[in-house]
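K.L.:
Okay, handing you the structure first.
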Amino acid sequence: MTIGKDLLDGPPPTFLPVDPAADALASGQEAEQAVREHPTSSLAWAMLSEQAWQHGLVLESYAFARVGYHRGLDALRRNGWKGHGPVPWAHEPNQGFLRCLLCLQRAAEAINEIDEAARLTVFLDDCDLLIPKQ
């Protein structure tokens with residue numbers, strides 16, 4: 001037995017860099033403008049998805065979340081993620097991607113895309129067990 005070896009033998013957590021739109025959004029910039037200036041921002045896409053959902057625009061919410069999800073996957077891969085492993089909610093820059101994942105799961109369920117919703121639920125659990133469920 002090797003002392004100090006990770007007995008779970010899982011990949012290390014992935015920590016994204018600061019979202020490119022985070023400062024602008026924190027300063028009150030509208031999510032739509034933030035997306036126009038920072039189209040790679042998962043946080044801005046998540047906010048658009050959440051706003052659409054609040055207005056009953058389920059398909060638009062799904063579409064915005066899908067874009068932010070893919071932008072987030074790109075960012076994760078650039079930062080060493082190999083397709084699995086924790087993406088901790090506690091690390092604030094990860095939250096834009098994780099919010100997109102939550103929005104996408106919710107919207108997929110709402111449009112009866114059951115297999116996708118189930119897959120996303122597993123993905124959320126794999127990312128971080130402490131993500132607040134909405």
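Labels for the structure tokens follow display order: chains A, B, ..., residues from 1 in each chain, ligands from 1.
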Return as a Markdown table the residues of range 94-125 of chain A lying at most 12 Å from range 75-80 of chain A, together with the closest atom-to-atom pair for each and the distance in Å to one decimal, counting only C-alpha atoms, with rows in chain order and ascending residue number.
P.N.:
| residue | atom | partner | partner_atom | distance |
| --- | --- | --- | --- | --- |
| A:Asn94 | CA | A:Leu76 | CA | 9.0 |
| A:Gly96 | CA | A:Ala75 | CA | 11.1 |
| A:Phe97 | CA | A:Leu76 | CA | 9.0 |
| A:Leu98 | CA | A:Leu76 | CA | 11.2 |
K.L.:
Could those residues be written to a file, using C-alpha atoms, as a PDB file, in the first residue's frame?
P.N.:
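Wrote it out as selection.pdb, contents follow:
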ATOM      1  CA  ASN A  94     -17.114  27.323 -11.853  1.00  0.00           C
ATOM      2  CA  GLY A  96     -21.466  29.964 -14.419  1.00  0.00           C
ATOM      3  CA  PHE A  97     -20.955  26.566 -16.025  1.00  0.00           C
ATOM      4  CA  LEU A  98     -22.753  24.762 -13.208  1.00  0.00           C
TER       5      LEU A  98
END
K.L.:
I want to know what sits within 9 Å of Ser61 in chain A, based on only C-alpha atoms, with residues of the same chain fewer than 2 positions away left out; could you give that as a list in words?
P.N.:
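Skipping anything fewer than 2 positions along the chain leaves Ala46, Leu48, Ser49, Glu50, Gln51, Ala52, Trp53, Gln54, Gly56, Leu57, Val58, Leu59, Ala63, Phe64, Ala65, Arg66, Cys103, Leu104 and Ala107 of chain A.
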K.L.:
For those residues, write N, CA and C atoms to a file as an mmCIF file, in the first residue's frame.
P.N.:
data_model
loop_
_atom_site.group_PDB
_atom_site.id
_atom_site.type_symbol
_atom_site.label_atom_id
_atom_site.label_comp_id
_atom_site.auth_asym_id
_atom_site.auth_seq_id
_atom_site.Cartn_x
_atom_site.Cartn_y
_atom_site.Cartn_z
ATOM 1 N N ALA A 46 -25.873 31.682 -18.525
ATOM 2 C CA ALA A 46 -26.707 31.156 -17.440
ATOM 3 C C ALA A 46 -27.730 32.198 -16.999
ATOM 4 N N LEU A 48 -28.956 34.644 -18.797
ATOM 5 C CA LEU A 48 -29.981 34.742 -19.840
ATOM 6 C C LEU A 48 -30.972 33.591 -19.736
ATOM 7 N N SER A 49 -30.466 32.393 -19.492
ATOM 8 C CA SER A 49 -31.331 31.229 -19.352
ATOM 9 C C SER A 49 -32.275 31.388 -18.160
ATOM 10 N N GLU A 50 -31.738 31.851 -17.048
ATOM 11 C CA GLU A 50 -32.560 32.046 -15.852
ATOM 12 C C GLU A 50 -33.626 33.114 -16.078
ATOM 13 N N GLN A 51 -33.272 34.195 -16.764
ATOM 14 C CA GLN A 51 -34.242 35.253 -17.066
ATOM 15 C C GLN A 51 -35.349 34.734 -17.981
ATOM 16 N N ALA A 52 -34.967 33.975 -19.003
ATOM 17 C CA ALA A 52 -35.967 33.416 -19.916
ATOM 18 C C ALA A 52 -36.920 32.496 -19.148
ATOM 19 N N TRP A 53 -36.369 31.662 -18.273
ATOM 20 C CA TRP A 53 -37.184 30.745 -17.472
ATOM 21 C C TRP A 53 -38.187 31.532 -16.620
ATOM 22 N N GLN A 54 -37.721 32.604 -15.995
ATOM 23 C CA GLN A 54 -38.590 33.420 -15.145
ATOM 24 C C GLN A 54 -39.749 34.025 -15.937
ATOM 25 N N GLY A 56 -41.198 32.448 -18.422
ATOM 26 C CA GLY A 56 -41.946 31.341 -19.017
ATOM 27 C C GLY A 56 -41.483 30.937 -20.400
ATOM 28 N N LEU A 57 -40.305 31.365 -20.787
ATOM 29 C CA LEU A 57 -39.759 31.067 -22.116
ATOM 30 C C LEU A 57 -38.853 29.834 -22.006
ATOM 31 N N VAL A 58 -39.485 28.674 -21.937
ATOM 32 C CA VAL A 58 -38.778 27.430 -21.666
ATOM 33 C C VAL A 58 -37.792 27.080 -22.781
ATOM 34 N N LEU A 59 -38.227 27.185 -24.028
ATOM 35 C CA LEU A 59 -37.326 26.830 -25.137
ATOM 36 C C LEU A 59 -36.136 27.771 -25.221
ATOM 37 N N ALA A 63 -32.214 26.873 -24.833
ATOM 38 C CA ALA A 63 -31.212 27.248 -25.835
ATOM 39 C C ALA A 63 -30.061 28.049 -25.218
ATOM 40 N N PHE A 64 -30.380 29.015 -24.365
ATOM 41 C CA PHE A 64 -29.328 29.796 -23.716
ATOM 42 C C PHE A 64 -28.454 28.905 -22.842
ATOM 43 N N ALA A 65 -29.093 28.005 -22.095
ATOM 44 C CA ALA A 65 -28.335 27.103 -21.226
ATOM 45 C C ALA A 65 -27.441 26.174 -22.046
ATOM 46 N N ARG A 66 -27.944 25.711 -23.186
ATOM 47 C CA ARG A 66 -27.170 24.805 -24.044
ATOM 48 C C ARG A 66 -25.903 25.509 -24.539
ATOM 49 N N CYS A 103 -29.714 24.833 -15.320
ATOM 50 C CA CYS A 103 -30.769 25.372 -16.187
ATOM 51 C C CYS A 103 -31.095 24.403 -17.318
ATOM 52 N N LEU A 104 -30.079 23.811 -17.889
ATOM 53 C CA LEU A 104 -30.278 22.870 -18.987
ATOM 54 C C LEU A 104 -31.032 21.637 -18.507
ATOM 55 N N ALA A 107 -34.723 22.665 -17.930
ATOM 56 C CA ALA A 107 -35.440 22.895 -19.186
ATOM 57 C C ALA A 107 -35.623 21.592 -19.966
#
K.L.:
List the neighbours of Glu30 in chain A out to 12 Å using only C-alpha atoms; skip same-chain residues closer than 3 positions along the sequence, and give me the result as a tab-separated table (two decimals) with N, CA and C atoms, in the first residue's frame.
P.N.:
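Output saved as result.tsv:
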chain	number	residue	atom	x	y	z
A	21	ALA	N	-16.97	37.73	-18.12
A	21	ALA	CA	-18.01	38.75	-17.93
A	21	ALA	C	-18.32	39.00	-16.45
A	22	ALA	N	-17.63	38.33	-15.56
A	22	ALA	CA	-17.98	38.40	-14.13
A	22	ALA	C	-17.98	39.83	-13.60
A	23	ASP	N	-16.93	40.59	-13.88
A	23	ASP	CA	-16.86	41.95	-13.36
A	23	ASP	C	-17.96	42.83	-13.93
A	24	ALA	N	-18.21	42.73	-15.22
A	24	ALA	CA	-19.25	43.55	-15.85
A	24	ALA	C	-20.63	43.21	-15.28
A	25	LEU	N	-20.91	41.92	-15.11
A	25	LEU	CA	-22.20	41.51	-14.55
A	25	LEU	C	-22.33	41.96	-13.10
A	26	ALA	N	-21.25	41.84	-12.33
A	26	ALA	CA	-21.28	42.28	-10.93
A	26	ALA	C	-21.49	43.79	-10.82
A	27	SER	N	-21.09	44.51	-11.86
A	27	SER	CA	-21.27	45.97	-11.88
A	27	SER	C	-22.65	46.37	-12.39
A	33	GLN	N	-26.10	42.15	-22.91
A	33	GLN	CA	-24.93	42.94	-23.32
A	33	GLN	C	-23.64	42.21	-22.98
A	34	ALA	N	-23.63	41.55	-21.83
A	34	ALA	CA	-22.43	40.80	-21.43
A	34	ALA	C	-22.14	39.68	-22.43
A	35	VAL	N	-23.18	39.01	-22.92
A	35	VAL	CA	-22.98	37.95	-23.91
A	35	VAL	C	-22.43	38.53	-25.21
A	36	ARG	N	-22.93	39.69	-25.59
A	36	ARG	CA	-22.43	40.32	-26.82
A	36	ARG	C	-20.95	40.69	-26.70
A	37	GLU	N	-20.53	41.10	-25.52
A	37	GLU	CA	-19.14	41.49	-25.31
A	37	GLU	C	-18.24	40.31	-24.95
A	38	HIS	N	-18.85	39.27	-24.34
A	38	HIS	CA	-18.08	38.11	-23.87
A	38	HIS	C	-18.85	36.84	-24.21
A	43	LEU	N	-21.35	32.29	-17.43
A	43	LEU	CA	-22.13	33.02	-16.44
A	43	LEU	C	-23.20	33.89	-17.12
A	44	ALA	N	-22.83	34.61	-18.15
A	44	ALA	CA	-23.80	35.46	-18.84
A	44	ALA	C	-24.88	34.62	-19.52
A	45	TRP	N	-24.50	33.51	-20.12
A	45	TRP	CA	-25.50	32.62	-20.75
A	45	TRP	C	-26.42	32.03	-19.69
A	47	MET	N	-27.29	33.43	-16.89
A	47	MET	CA	-28.21	34.49	-16.48
A	47	MET	C	-29.31	34.70	-17.52
A	48	LEU	N	-28.96	34.64	-18.80
A	48	LEU	CA	-29.98	34.74	-19.84
A	48	LEU	C	-30.97	33.59	-19.74
A	51	GLN	N	-33.27	34.20	-16.76
A	51	GLN	CA	-34.24	35.25	-17.07
A	51	GLN	C	-35.35	34.73	-17.98
K.L.:
With only C-alpha atoms as the counted atoms, please give the residues lying no more than 12 Å from His91 in chain A, apart from itself and same-chain residues fewer than 3 positions off, as a ChimeraX atom specification.
P.N.:
/A:13-19,86-88,94-98,127-128,130-131
K.L.:
Calculate how many Å separate CA of Gly85 in chain A from CA of Ala110 in chain A, rounding to one decimal.
P.N.:
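Between CA of Gly85 in chain A and CA of Ala110 in chain A the gap is 27.0 Å.
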K.L.:
Can you pull out the residues contacting range 116-124 of chain A? Cut-off 6 Å, using only C-alpha atoms, and skip same-chain residues under 6 positions away; I want them as a list in words.
P.N.:
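Contacts, with the query itself left out: Gln105, Ala108 and Glu109 of chain A.
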K.L.:
Counting only C-alpha atoms, which of A:Pro12, A:Ala31, A:Gly68, A:Arg106 gets nearest to Lys82 in chain A?
P.N.:
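Of the candidates, the smallest distance to Lys82 in chain A is held by A:Pro12.
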K.L.:
My list of candidates is A:Arg99, A:Ser41, A:Tyr62, A:Ala90. Which is closest to Asp74 in chain A when distances are computed with only C-alpha atoms?
P.N.:
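Of A:Arg99, A:Ser41, A:Tyr62, A:Ala90, the one nearest Asp74 in chain A, counting only C-alpha atoms, is A:Ser41.
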